[in-house]
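Q: Please find my_file.cif (mmCIF, C-alpha atoms) on the next line:
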```cif
data_input
#
loop_
_atom_site.label_atom_id
_atom_site.label_comp_id
_atom_site.auth_asym_id
_atom_site.auth_seq_id
_atom_site.Cartn_x
_atom_site.Cartn_y
_atom_site.Cartn_z
CA MET A 1 -17.13 -14.77 5.12
CA THR A 2 -20.15 -14.30 7.39
CA GLN A 3 -23.63 -13.60 6.17
CA ASN A 4 -22.75 -10.12 4.97
CA SER A 5 -24.19 -10.85 1.54
CA GLU A 6 -27.66 -10.76 3.10
CA ARG A 7 -27.23 -7.09 3.77
CA TYR A 8 -26.86 -6.21 0.14
CA LEU A 9 -30.05 -5.84 -1.71
CA LEU A 10 -29.23 -6.52 -5.32
CA SER A 11 -31.83 -8.92 -6.60
CA PRO A 12 -32.75 -10.42 -9.97
CA SER A 13 -36.21 -8.91 -9.73
CA MET A 14 -35.08 -5.29 -9.55
CA LYS A 15 -35.13 -3.17 -12.65
CA MET A 16 -31.87 -3.08 -14.55
CA ALA A 17 -32.04 0.72 -14.73
CA GLU A 18 -32.30 0.92 -10.93
CA LEU A 19 -29.36 -1.40 -10.51
CA MET A 20 -27.22 0.73 -12.82
CA ASP A 21 -28.19 3.80 -10.84
CA ILE A 22 -26.59 2.41 -7.67
CA ASP A 23 -23.09 3.00 -8.97
CA PHE A 24 -22.02 4.17 -12.38
CA SER A 25 -19.15 1.66 -12.50
CA LEU A 26 -21.87 -0.96 -13.08
CA LEU A 27 -22.34 0.48 -16.56
CA GLY A 28 -18.95 -0.96 -17.43
CA VAL A 29 -19.85 -4.34 -15.94
CA LEU A 30 -22.98 -4.44 -18.05
CA THR A 31 -21.17 -3.84 -21.32
CA ARG A 32 -18.32 -6.21 -20.51
CA MET A 33 -20.81 -8.95 -19.71
CA GLY A 34 -21.96 -8.56 -23.29
CA LEU A 35 -25.28 -6.91 -22.45
CA SER A 36 -26.49 -3.77 -24.18
CA PHE A 37 -28.31 -0.62 -23.22
CA GLY A 38 -31.81 0.19 -24.33
CA PHE A 39 -33.19 -2.43 -21.95
CA GLY A 40 -36.27 -0.33 -21.14
CA GLU A 41 -38.14 -1.40 -18.01
CA GLY A 42 -36.66 -4.90 -18.00
CA THR A 43 -35.66 -6.53 -14.73
CA VAL A 44 -32.12 -7.76 -14.15
CA GLU A 45 -33.30 -11.32 -14.67
CA GLU A 46 -35.08 -10.54 -17.93
CA VAL A 47 -32.26 -8.51 -19.41
CA CYS A 48 -29.71 -11.16 -18.46
CA ARG A 49 -31.73 -14.08 -19.83
CA LYS A 50 -32.27 -12.22 -23.05
CA GLY A 51 -28.57 -11.60 -23.37
CA GLY A 52 -27.69 -15.20 -22.48
CA VAL A 53 -26.03 -14.27 -19.18
CA ASN A 54 -26.51 -16.02 -15.85
CA PRO A 55 -28.22 -13.39 -13.64
CA GLU A 56 -26.54 -14.74 -10.50
CA THR A 57 -23.08 -14.32 -12.01
CA PHE A 58 -23.95 -10.86 -13.21
CA LEU A 59 -25.25 -9.79 -9.79
CA LEU A 60 -22.23 -11.30 -8.07
CA ILE A 61 -19.89 -9.14 -10.14
CA CYS A 62 -22.13 -6.12 -9.62
CA GLN A 63 -21.96 -6.61 -5.84
CA VAL A 64 -18.16 -6.46 -5.99
CA TYR A 65 -18.29 -3.18 -7.90
CA ALA A 66 -21.09 -1.63 -5.89
CA TYR A 67 -19.83 -2.46 -2.39
CA ASP A 68 -16.27 -2.07 -1.22
CA GLY A 69 -15.20 -4.92 0.97
CA TYR A 70 -17.90 -7.27 -0.32
CA ARG A 71 -16.88 -10.92 -0.03
CA PRO A 72 -19.26 -13.53 -1.47
CA THR A 73 -20.45 -16.42 0.66
CA ARG A 74 -20.06 -20.02 -0.41
CA GLN A 75 -23.73 -20.29 -1.39
CA VAL A 76 -23.46 -17.25 -3.63
CA LEU A 77 -20.40 -18.70 -5.34
CA GLU A 78 -22.17 -21.99 -5.94
CA GLN A 79 -24.84 -20.26 -7.99
CA ALA A 80 -22.39 -18.47 -10.26
CA ASP A 81 -20.90 -19.75 -13.48
CA VAL A 82 -17.11 -20.05 -13.65
CA LYS A 83 -17.06 -19.83 -17.40
CA GLU A 84 -18.82 -16.49 -17.30
CA ILE A 85 -16.48 -15.21 -14.63
CA VAL A 86 -13.49 -16.07 -16.80
CA ASN A 87 -15.22 -14.54 -19.76
CA TYR A 88 -15.79 -11.36 -17.82
CA LEU A 89 -12.16 -11.19 -16.72
CA HIS A 90 -11.06 -11.79 -20.29
CA ARG A 91 -13.25 -9.02 -21.65
CA SER A 92 -12.03 -6.73 -18.89
CA HIS A 93 -8.43 -7.33 -19.96
CA ALA A 94 -9.36 -6.29 -23.46
CA TYR A 95 -11.17 -3.25 -22.15
CA TYR A 96 -8.22 -2.16 -20.00
CA MET A 97 -5.66 -2.48 -22.77
CA GLU A 98 -7.71 -1.28 -25.70
CA VAL A 99 -9.86 1.39 -24.08
CA ALA A 100 -8.84 2.50 -20.58
CA VAL A 101 -5.07 2.51 -21.05
CA LYS A 102 -5.45 4.05 -24.46
CA GLU A 103 -7.61 6.89 -23.18
CA LEU A 104 -5.14 7.52 -20.41
CA SER A 105 -2.23 7.40 -22.81
CA ASP A 106 -3.89 9.91 -25.12
CA ALA A 107 -4.69 12.26 -22.26
CA LEU A 108 -1.08 12.10 -21.02
CA GLU A 109 0.14 12.76 -24.53
CA ARG A 110 -2.04 15.86 -24.84
CA MET A 111 -1.12 16.96 -21.34
CA VAL A 112 2.63 17.05 -22.06
CA GLN A 113 2.16 18.57 -25.50
CA PRO A 114 3.25 22.06 -24.36
CA CYS A 115 6.41 20.68 -22.67
CA ASP A 116 9.84 20.27 -24.20
CA GLY A 117 10.70 17.01 -25.91
CA ARG A 118 12.89 15.75 -23.10
CA ARG A 119 10.12 15.94 -20.53
CA GLN A 120 7.64 14.40 -22.95
CA ASP A 121 9.96 11.45 -23.36
CA ILE A 122 10.34 10.95 -19.63
CA ILE A 123 6.59 10.61 -19.11
CA ARG A 124 6.14 8.56 -22.25
CA LYS A 125 8.82 6.12 -21.20
CA PHE A 126 7.41 5.65 -17.70
CA PHE A 127 3.92 5.08 -19.01
CA GLY A 128 5.21 2.75 -21.69
CA GLU A 129 6.82 0.60 -19.02
CA TYR A 130 3.64 0.54 -17.00
CA LYS A 131 1.65 -0.52 -20.03
CA GLU A 132 4.13 -3.26 -20.77
CA GLU A 133 3.96 -4.63 -17.23
CA LEU A 134 0.20 -4.54 -17.14
CA SER A 135 -0.01 -6.34 -20.42
CA LYS A 136 2.46 -9.02 -19.23
CA HIS A 137 0.36 -9.55 -16.14
CA PHE A 138 -2.75 -10.04 -18.25
CA GLU A 139 -0.92 -12.34 -20.65
CA TYR A 140 0.05 -14.57 -17.78
CA GLU A 141 -3.59 -14.95 -16.86
CA GLU A 142 -4.72 -15.38 -20.45
CA ASN A 143 -2.07 -17.94 -21.32
CA LEU A 144 -1.77 -19.90 -18.12
CA VAL A 145 -4.60 -19.32 -15.65
CA PHE A 146 -7.61 -19.23 -17.96
CA PRO A 147 -6.62 -22.30 -20.01
CA TYR A 148 -6.07 -24.11 -16.74
CA VAL A 149 -9.56 -23.17 -15.54
CA TYR A 150 -11.02 -24.50 -18.79
CA SER A 151 -9.11 -27.73 -18.42
CA VAL A 152 -10.50 -28.21 -14.90
CA LEU A 153 -13.97 -27.44 -16.24
CA GLY A 154 -13.58 -30.12 -18.85
CA HIS A 155 -12.41 -32.53 -16.13
CA ALA A 156 -9.11 -32.79 -17.90
CA GLN A 157 -5.94 -33.37 -15.97
CA GLY A 158 -4.75 -29.90 -14.98
CA GLY A 159 -1.08 -30.59 -15.50
CA GLN A 160 1.51 -28.99 -13.26
CA PHE A 161 -0.41 -25.87 -12.45
CA SER A 162 -2.85 -25.47 -9.59
CA ILE A 163 -5.00 -22.46 -8.81
CA GLY A 164 -3.21 -22.07 -5.48
CA GLU A 165 -0.09 -21.02 -7.35
CA TYR A 166 -2.00 -18.31 -9.04
CA GLU A 167 -0.06 -15.15 -8.75
CA GLN A 168 -1.67 -13.15 -5.96
CA ASN A 169 0.71 -10.34 -6.28
CA HIS A 170 -0.57 -7.44 -8.34
CA SER A 171 1.33 -4.97 -6.27
CA ASN A 172 3.93 -3.67 -8.70
CA VAL A 173 1.44 -2.74 -11.38
CA GLU A 174 -0.69 -1.10 -8.73
CA GLU A 175 2.23 0.86 -7.34
CA LYS A 176 3.24 2.22 -10.73
CA LEU A 177 -0.24 3.51 -11.37
CA GLU A 178 -0.25 5.16 -7.96
CA ASP A 179 3.11 6.73 -8.73
CA LEU A 180 1.72 8.07 -11.96
CA LYS A 181 -1.09 9.65 -9.98
CA SER A 182 1.37 11.45 -7.70
CA LEU A 183 3.55 12.48 -10.61
CA VAL A 184 0.68 13.94 -12.62
CA MET A 185 -0.94 15.60 -9.65
CA LYS A 186 2.14 17.00 -7.95
CA TYR A 187 5.15 17.11 -10.21
CA MET A 188 4.19 17.93 -13.76
CA PRO A 189 5.96 20.87 -15.37
CA SER A 190 3.87 24.01 -15.15
CA GLN A 191 3.41 24.23 -18.91
CA CYS A 192 1.20 21.14 -18.88
CA ASP A 193 -2.39 21.55 -19.92
CA PRO A 194 -4.49 21.50 -16.72
CA GLN A 195 -7.64 20.23 -18.45
CA GLU A 196 -5.73 17.32 -19.88
CA ALA A 197 -4.06 16.67 -16.55
CA TYR A 198 -7.52 16.53 -15.00
CA LYS A 199 -8.62 14.03 -17.61
CA ALA A 200 -5.51 11.95 -17.13
CA LEU A 201 -6.12 11.88 -13.37
CA PHE A 202 -9.74 10.97 -13.91
CA TYR A 203 -8.72 8.03 -16.09
CA ILE A 204 -6.07 6.97 -13.58
CA TYR A 205 -8.55 6.95 -10.72
CA SER A 206 -11.17 5.02 -12.63
CA LEU A 207 -8.65 2.49 -13.96
CA GLU A 208 -7.25 2.07 -10.46
CA GLN A 209 -10.69 1.46 -9.02
CA ASP A 210 -11.59 -0.96 -11.78
CA LEU A 211 -8.36 -2.93 -11.40
CA ARG A 212 -8.96 -3.20 -7.68
CA LYS A 213 -12.36 -4.76 -8.28
CA HIS A 214 -10.83 -6.97 -10.94
CA THR A 215 -8.38 -8.31 -8.36
CA VAL A 216 -11.22 -9.01 -5.92
CA ILE A 217 -13.02 -11.00 -8.60
CA GLU A 218 -9.88 -13.02 -9.26
CA ASP A 219 -8.90 -13.62 -5.65
CA GLU A 220 -12.27 -13.92 -3.94
CA ILE A 221 -14.36 -15.46 -6.69
CA LEU A 222 -12.30 -17.23 -9.32
CA VAL A 223 -9.69 -18.77 -7.03
CA PRO A 224 -12.13 -20.25 -4.48
CA MET A 225 -14.50 -21.49 -7.22
CA VAL A 226 -11.74 -23.26 -9.10
CA GLY A 227 -10.15 -24.46 -5.87
CA ARG A 228 -13.39 -26.26 -5.05
CA MET A 229 -13.63 -27.77 -8.50
CA GLU A 230 -10.09 -29.15 -8.21
CA HIS A 231 -11.23 -31.24 -5.27
CA GLU A 232 -14.39 -32.55 -6.88
CA MET B 1 28.83 -3.03 21.72
CA SER B 2 25.21 -3.31 22.67
CA LYS B 3 23.19 -0.15 23.24
CA ARG B 4 22.29 0.70 26.81
CA ILE B 5 18.71 0.98 27.90
CA LEU B 6 17.41 2.61 31.08
CA LEU B 7 13.96 1.52 32.19
CA ILE B 8 11.89 3.83 34.38
CA ILE B 9 8.84 1.74 35.11
CA PRO B 10 6.97 1.37 38.41
CA SER B 11 5.58 -2.07 37.61
CA ALA B 12 8.21 -4.67 38.46
CA ILE B 13 6.51 -7.23 36.25
CA VAL B 14 6.56 -4.99 33.21
CA ALA B 15 10.14 -3.88 33.84
CA LYS B 16 11.36 -7.46 34.30
CA GLY B 17 9.46 -8.54 31.24
CA LEU B 18 11.04 -5.86 29.08
CA GLU B 19 14.46 -6.64 30.46
CA GLN B 20 13.96 -10.26 29.45
CA VAL B 21 12.87 -9.25 25.94
CA PHE B 22 16.11 -7.34 25.44
CA LYS B 23 18.20 -10.08 27.05
CA ASP B 24 16.73 -12.72 24.73
CA LEU B 25 17.40 -10.81 21.59
CA GLY B 26 20.81 -9.27 22.29
CA GLU B 27 21.70 -5.99 20.57
CA PHE B 28 20.36 -4.01 23.56
CA GLU B 29 21.22 -4.29 27.21
CA VAL B 30 19.23 -2.96 30.15
CA CYS B 31 21.71 -0.98 32.25
CA ALA B 32 19.34 -0.02 35.04
CA ILE B 33 15.76 -0.18 36.19
CA LEU B 34 14.22 2.65 38.19
CA SER B 35 10.70 2.67 39.51
CA ASP B 36 10.38 6.46 39.18
CA LEU B 37 12.34 9.68 38.85
CA SER B 38 11.70 11.23 42.25
CA GLY B 39 14.59 11.62 44.64
CA ARG B 40 17.18 10.59 42.09
CA PRO B 41 20.15 12.87 41.89
CA GLU B 42 20.30 14.05 38.32
CA ALA B 43 23.98 13.24 38.12
CA GLN B 44 23.26 9.62 38.90
CA ILE B 45 21.00 9.28 35.91
CA ARG B 46 23.45 11.13 33.69
CA SER B 47 26.25 8.83 34.71
CA MET B 48 24.26 5.81 33.54
CA ALA B 49 24.67 7.25 30.05
CA PRO B 50 21.85 5.31 28.47
CA ASP B 51 21.32 5.35 24.70
CA VAL B 52 17.63 4.76 25.18
CA VAL B 53 15.17 5.45 27.97
CA ILE B 54 11.92 3.53 28.09
CA LEU B 55 9.51 4.88 30.65
CA ASP B 56 5.96 4.52 31.78
CA PRO B 57 4.31 7.97 31.58
CA VAL B 58 2.38 7.25 34.81
CA ILE B 59 5.50 8.40 36.67
CA PHE B 60 4.53 11.95 35.78
CA ASP B 61 1.56 13.57 37.40
CA TYR B 62 -1.34 14.55 35.22
CA ALA B 63 -0.62 18.27 35.20
CA SER B 64 2.97 17.91 34.03
CA ARG B 65 2.33 15.12 31.50
CA LEU B 66 2.70 17.33 28.44
CA SER B 67 6.11 18.68 29.45
CA ALA B 68 7.45 15.28 30.57
CA LYS B 69 9.64 14.75 27.54
CA SER B 70 11.59 17.95 28.04
CA ARG B 71 12.16 17.04 31.69
CA VAL B 72 13.69 13.72 30.71
CA SER B 73 15.67 15.27 27.89
CA ASN B 74 17.23 17.67 30.39
CA LEU B 75 18.58 14.67 32.25
CA THR B 76 19.89 12.68 29.35
CA GLY B 77 20.34 12.99 25.63
CA ALA B 78 19.00 9.48 25.11
CA ALA B 79 16.12 8.64 22.82
CA VAL B 80 13.01 8.34 24.95
CA LEU B 81 10.22 5.87 24.26
CA ALA B 82 7.04 5.70 26.29
CA LEU B 83 4.97 2.70 27.23
CA SER B 84 1.40 3.05 26.18
CA GLY B 85 -0.88 1.58 28.82
CA PRO B 86 -4.67 1.35 29.03
CA TYR B 87 -4.97 4.99 30.12
CA ALA B 88 -2.65 6.49 27.56
CA ASP B 89 -3.29 10.09 26.60
CA GLU B 90 -2.83 10.37 22.84
CA GLU B 91 -1.77 13.96 22.93
CA ALA B 92 0.79 13.35 25.64
CA LEU B 93 2.16 10.28 23.81
CA ARG B 94 3.03 12.34 20.76
CA GLN B 95 5.91 14.12 22.49
CA TRP B 96 8.03 10.96 22.82
CA ASP B 97 10.54 9.69 20.31
CA GLY B 98 8.61 6.43 20.15
CA VAL B 99 5.80 4.50 21.78
CA ILE B 100 5.80 0.87 22.85
CA GLY B 101 2.52 -0.91 23.47
CA LEU B 102 2.12 -3.48 26.22
CA MET B 103 0.87 -5.97 23.66
CA ASP B 104 3.75 -5.44 21.22
CA SER B 105 5.68 -8.56 20.27
CA PRO B 106 9.37 -8.76 21.25
CA THR B 107 10.49 -8.26 17.65
CA SER B 108 8.29 -5.27 17.17
CA ILE B 109 9.66 -3.73 20.39
CA ILE B 110 13.22 -4.20 19.15
CA LYS B 111 12.27 -2.77 15.78
CA LYS B 112 10.73 0.30 17.38
CA VAL B 113 13.79 0.96 19.52
CA ARG B 114 16.04 0.47 16.52
CA THR B 115 13.99 2.77 14.30
CA THR B 116 13.92 5.43 16.97
CA LEU B 117 17.68 5.33 17.32
CA GLU B 118 18.24 5.48 13.59
CA GLY B 119 15.89 8.39 13.25
CA ARG B 120 18.29 10.26 15.52
CA GLU B 121 21.49 8.86 14.10
CA ASP B 122 22.13 11.29 11.30
CA SER B 123 18.95 12.21 9.56
CA PRO B 124 18.28 15.89 9.66
CA LYS B 125 14.82 15.13 11.07
CA PRO B 126 12.46 15.58 8.15
CA GLU B 127 10.29 18.32 9.53
CA GLY B 128 9.55 20.13 6.32
CA GLU B 129 7.68 18.25 3.64
CA GLU B 130 10.19 19.18 0.95
CA LEU B 131 12.96 16.64 0.42
CA SER B 132 16.08 17.38 2.45
CA VAL B 133 19.48 17.64 0.80
CA ARG B 134 20.43 14.14 2.01
CA GLU B 135 17.14 12.72 0.77
CA LYS B 136 17.75 14.21 -2.65
CA GLU B 137 21.23 12.67 -2.75
CA ILE B 138 19.79 9.28 -1.88
CA LEU B 139 16.98 9.69 -4.37
CA VAL B 140 19.56 10.27 -7.08
CA CYS B 141 21.37 7.05 -6.09
CA VAL B 142 18.10 5.13 -6.19
CA ALA B 143 17.31 6.54 -9.63
CA LYS B 144 20.73 5.47 -10.83
CA GLY B 145 19.83 1.96 -9.76
CA MET B 146 22.17 1.68 -6.78
CA LEU B 147 21.41 -0.89 -4.08
CA ASN B 148 20.80 0.10 -0.47
CA LYS B 149 24.14 -1.40 0.49
CA GLU B 150 26.00 0.64 -2.11
CA ILE B 151 24.25 3.82 -1.02
CA ALA B 152 25.07 3.09 2.63
CA ASP B 153 28.75 2.59 1.74
CA GLN B 154 28.91 5.74 -0.34
CA TYR B 155 27.60 7.96 2.46
CA ASN B 156 29.02 5.95 5.31
CA ILE B 157 25.65 5.37 6.93
CA SER B 158 23.85 2.19 7.96
CA ILE B 159 21.50 0.34 5.64
CA TYR B 160 18.72 1.03 8.13
CA THR B 161 19.33 4.73 7.74
CA VAL B 162 19.16 4.40 3.97
CA ILE B 163 15.86 2.57 4.35
CA THR B 164 14.55 5.27 6.68
CA HIS B 165 15.50 7.93 4.14
CA ARG B 166 13.82 5.97 1.37
CA LYS B 167 10.66 5.63 3.45
CA ASN B 168 10.65 9.36 4.04
CA ILE B 169 11.19 10.07 0.36
CA THR B 170 8.22 7.87 -0.52
CA ARG B 171 6.07 9.35 2.22
CA LYS B 172 6.78 12.88 1.04
CA THR B 173 6.51 12.35 -2.69
CA GLY B 174 3.87 9.63 -2.74
CA ILE B 175 6.10 7.70 -5.16
CA LYS B 176 7.03 4.09 -4.40
CA THR B 177 8.67 2.48 -7.40
CA VAL B 178 12.22 3.05 -8.60
CA ALA B 179 10.89 3.94 -12.03
CA GLY B 180 8.57 6.54 -10.52
CA LEU B 181 11.34 8.02 -8.39
CA THR B 182 13.51 8.22 -11.47
CA VAL B 183 10.84 10.24 -13.25
CA TYR B 184 10.68 12.55 -10.24
CA ALA B 185 14.46 13.01 -10.26
CA LEU B 186 14.48 13.68 -14.01
CA LEU B 187 11.61 16.15 -13.95
CA ASN B 188 13.25 18.04 -11.13
CA ASN B 189 16.60 18.04 -12.90
CA LEU B 190 18.30 16.12 -10.10
CA ILE B 191 19.83 13.86 -12.73
CA ASP B 192 20.02 14.05 -16.46
CA THR B 193 18.59 11.58 -18.87
CA ASN B 194 21.90 10.04 -19.88
CA THR B 195 22.63 8.87 -16.35
CA VAL B 196 19.74 6.44 -16.18
CA GLU B 197 19.84 4.54 -19.43
#
```
Would you mind writing the file's structure down as structure tokens?
A:
Amino acid sequence: MTQNSERYLLSPSMKMAELMDIDFSLLGVLTRMGLSFGFGEGTVEEVCRKGGVNPETFLLICQVYAYDGYRPTRQVLEQADVKEIVNYLHRSHAYYMEVAVKELSDALERMVQPCDGRRQDIIRKFFGEYKEELSKHFEYEENLVFPYVYSVLGHAQGGQFSIGEYEQNHSNVEEKLEDLKSLVMKYMPSQCDPQEAYKALFYIYSLEQDLRKHTVIEDEILVPMVGRMEHE
Amino acid sequence: MSKRILLIIPSAIVAKGLEQVFKDLGEFEVCAILSDLSGRPEAQIRSMAPDVVILDPVIFDYASRLSAKSRVSNLTGAAVLALSGPYADEEALRQWDGVIGLMDSPTSIIKKVRTTLEGREDSPKPEGEELSVREKEILVCVAKGMLNKEIADQYNISIYTVITHRKNITRKTGIKTVAGLTVYALLNNLIDTNTVE
């Protein structure tokens, strides 16, 4: 929590195209913030304003994706908009379940196509369980955490819940995805399609990376922001 | 009965300190403290019959530091842990069964000694990176949903040993969850599908 944010040079006046070029994971951030491509020579500030997004919030999320280990300072957090953070997390959930997990699922399905039915079922079952757990984890946030944040925003009484109780533990979902990585890389039957295995691994790595950043946004941005609001 | 520890440490302060750590926590008992190995009749050390030797590698001269472990092992079959001081030589430290740091907390010292002993207890030391026969057996139990206690009872080994095996299984396969290990066991035909439902 020192002044490490000063070292990072993302600024509202840089061109959006240059920002995107820093790390291709930012392309996903852009779309999930509700912004679109075709922004021409527009600066980050211009593109954000046009799309109705707070540039500070957008840059804050971009910093998390672009720099491993980035932790925002208090001042940075004060300029961001909680509602947009929640919105981003919400859209990310949708993206994970409807796009990322689906792509991965399809790749796995094609990968095991040449195998016998028994082996196909084993992989299918394991992945099905992972999907189920991930979706439960998101549901918890959608049904409990986000409504709570909105209630604090509206200065309503928060009820029993407090952001401190927010489940910090994402470990089991993370571990299953890591296991899947090892299984696909090291232990798939030899009949499996290598191109599809490559794709599956690619999707696993990018989902893993994205989920890690997602957790940072929850733990290092959402929780402290809401924690401060609780005391106001 | 508590396990016997022989300390071979020139620094009286360090030796006394370690002795106190073991005294406070029970389970281990310091049976003797020597300041070095020179001039000791070998038989005398053998007769102490320690389970564990903890020594400061400074007792060996620089030239013989890499063969120190085999010298001690010739004297006693005990597990040998080395103290790692400010001038520790990484390469030379690797030969020991375990390494204790001067800044380690009492609990972490006890844990290290315990782990070292268990590693020797019955595990066919996992040198190869393939799963050993025992590890496969334990993996099958895990996949069937057995608890560590049940596995320990079935094979007549301690829970700590089961945990060590499980750690090794995870280290070798890269798989942490029970569900993942089950998939591994199924794909490798260690169990059949009906066993896990």
Q: Starting from chain A, keep only residues with some atom at most 9 Å from an atom of chain B, counting all atoms listed in the file, and report them as a list of chain:residue names.
A: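 Applying the cut-off to the listed atoms yields A:Arg118, A:Arg119, A:Ile122, A:Ile123, A:Phe126, A:Glu129, A:Asn172, A:Glu175, A:Lys176, A:Glu178, A:Asp179, A:Leu180, A:Lys181, A:Ser182, A:Leu183, A:Lys186, A:Tyr187, A:Met188, A:Pro189.
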Q: Quick one: distance from CA of Glu139 (chain A) to CA of Leu89 (chain A) in Å, one decimal?
A: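 Result for CA of Glu139 (chain A) versus CA of Leu89 (chain A): 12.0 Å, one decimal.
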Q: Run the PyMOL selection byres ((chain B and resi 100-106) around 8) against the file shown and list the residues it catches, as a list in words.
A: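 For this structure, the PyMOL selection byres ((chain B and resi 100-106) around 8) resolves to Val21, Leu81, Ala82, Leu83, Ser84, Gly85, Gly98, Val99, Thr107, Ser108, Ile109, Ile110 and Lys112 of chain B.
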Q: Expressed in Å to a single decimal, how great is the separation between CA of His165 (chain B) and CA of Asp97 (chain B)?
A: 17.0 Å
Q: Using only C-alpha atoms, can you tell me which of A:Lys83, A:Pro72, A:Glu133, A:Tyr95 comes closest to Gly154 (chain A)?
A: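 Among the listed residues, A:Lys83 lies closest to Gly154 (chain A).
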Q: Enumerate, as JSON, numbers by chain, the protein, DNA and RNA residues whose atoms approach (16.7, 12.8, 32.8) to within 10 Å, taking into account all atoms listed in the file and the coordinate frame of the file.
A: {"B": [37, 40, 41, 42, 43, 44, 45, 46, 53, 68, 69, 70, 71, 72, 73, 74, 75, 76, 77, 78, 80]}
Q: Using all atoms listed in the file, which protein or nucleic acid residues come within 7 Å of Val140 (chain B)? Drop anything in the same chain fewer than 5 positions from it, and give the result as a list in words.
A: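 Final neighbour list, sorted by chain and number: Ala185, Leu190 and Ile191 of chain B.
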Q: Can you spit out the residues from that selection as a PDB file, in the coordinates of the input, using C-alpha atoms?
A:
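Below is the file that was written, part_1.pdb:
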```
ATOM      1  CA  ALA B 185      14.460  13.010 -10.260  1.00  0.00           C
ATOM      2  CA  LEU B 190      18.300  16.120 -10.100  1.00  0.00           C
ATOM      3  CA  ILE B 191      19.830  13.860 -12.730  1.00  0.00           C
TER       4      ILE B 191
END
```
Q: Since I can't run it myself right now, could you work out what the PyMOL selection byres ((chain A and resi 56) around 12) selects here and report it as number ranges by chain?
A: A: 10-13, 44-45, 48-49, 53-55, 57-63, 72, 75-82, 84-85
Q: To one decimal place, how far is CA of Glu208 (chain A) from CA of Arg91 (chain A) in Å?
A: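 For CA of Glu208 (chain A) relative to CA of Arg91 (chain A), the distance reads 16.9 Å.
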Q: Out of A:Phe127, A:Ala94, A:Met229, A:Pro194, which residue has the shortest atom-to-atom distance to Tyr148 (chain A) when counting only C-alpha atoms?
A: A:Met229
Q: Starting from the shown file, work through the PyMOL selection byres ((chain B and resi 148-159) around 12) and note down what comes out as a short mmCIF file (atom, residue, chain, number, x, y, z; two decimals) with C-alpha atoms, in the coordinates of the input.
A:
```cif
data_model
loop_
_atom_site.label_atom_id
_atom_site.label_comp_id
_atom_site.auth_asym_id
_atom_site.auth_seq_id
_atom_site.Cartn_x
_atom_site.Cartn_y
_atom_site.Cartn_z
CA ARG B 114 16.04 0.47 16.52
CA THR B 115 13.99 2.77 14.30
CA LEU B 117 17.68 5.33 17.32
CA GLU B 118 18.24 5.48 13.59
CA GLY B 119 15.89 8.39 13.25
CA GLU B 121 21.49 8.86 14.10
CA ASP B 122 22.13 11.29 11.30
CA SER B 123 18.95 12.21 9.56
CA ARG B 134 20.43 14.14 2.01
CA GLU B 135 17.14 12.72 0.77
CA GLU B 137 21.23 12.67 -2.75
CA ILE B 138 19.79 9.28 -1.88
CA LEU B 139 16.98 9.69 -4.37
CA VAL B 140 19.56 10.27 -7.08
CA CYS B 141 21.37 7.05 -6.09
CA VAL B 142 18.10 5.13 -6.19
CA ALA B 143 17.31 6.54 -9.63
CA LYS B 144 20.73 5.47 -10.83
CA GLY B 145 19.83 1.96 -9.76
CA MET B 146 22.17 1.68 -6.78
CA LEU B 147 21.41 -0.89 -4.08
CA TYR B 160 18.72 1.03 8.13
CA THR B 161 19.33 4.73 7.74
CA VAL B 162 19.16 4.40 3.97
CA ILE B 163 15.86 2.57 4.35
CA THR B 164 14.55 5.27 6.68
CA HIS B 165 15.50 7.93 4.14
CA ARG B 166 13.82 5.97 1.37
#
```
Q: If we count only C-alpha atoms and set the cut-off at 12 Å, which residues sit around Pro147 (chain A), ignoring sequence neighbours fewer than 3 positions away in its own chain? Please answer as an NGL selection string.
A: :A and (83 or 86-87 or 90 or 139-144 or 150-154 or 156-159 or 161-163)
Q: Considering all atoms listed in the file, can you say which of A:Glu232, A:Met33, A:Ala107, A:Ala66 comes closest to Asp21 (chain A)?
A: A:Ala66
Q: Can you give me N, CA and C atoms for region 9-15 of chain A, written as a PDB file, in the coordinates of the input?
A:
```pdb
ATOM      1  N   LEU A   9     -28.710  -5.601  -1.236  1.00  0.00           N
ATOM      2  CA  LEU A   9     -30.050  -5.840  -1.710  1.00  0.00           C
ATOM      3  C   LEU A   9     -30.178  -5.961  -3.220  1.00  0.00           C
ATOM      4  N   LEU A  10     -29.103  -6.343  -3.874  1.00  0.00           N
ATOM      5  CA  LEU A  10     -29.230  -6.520  -5.320  1.00  0.00           C
ATOM      6  C   LEU A  10     -29.991  -7.806  -5.567  1.00  0.00           C
ATOM      7  N   SER A  11     -31.064  -7.702  -6.346  1.00  0.00           N
ATOM      8  CA  SER A  11     -31.830  -8.920  -6.600  1.00  0.00           C
ATOM      9  C   SER A  11     -32.206  -9.007  -8.068  1.00  0.00           C
ATOM     10  N   PRO A  12     -32.427 -10.226  -8.556  1.00  0.00           N
ATOM     11  CA  PRO A  12     -32.750 -10.420  -9.970  1.00  0.00           C
ATOM     12  C   PRO A  12     -34.052  -9.757 -10.363  1.00  0.00           C
ATOM     13  N   SER A  13     -34.902  -9.461  -9.373  1.00  0.00           N
ATOM     14  CA  SER A  13     -36.210  -8.910  -9.730  1.00  0.00           C
ATOM     15  C   SER A  13     -36.204  -7.384  -9.806  1.00  0.00           C
ATOM     16  N   MET A  14     -35.079  -6.757  -9.448  1.00  0.00           N
ATOM     17  CA  MET A  14     -35.080  -5.290  -9.550  1.00  0.00           C
ATOM     18  C   MET A  14     -34.887  -4.862 -10.994  1.00  0.00           C
ATOM     19  N   LYS A  15     -35.282  -3.639 -11.267  1.00  0.00           N
ATOM     20  CA  LYS A  15     -35.130  -3.170 -12.650  1.00  0.00           C
ATOM     21  C   LYS A  15     -33.661  -2.928 -12.964  1.00  0.00           C
TER      22      LYS A  15
END
```
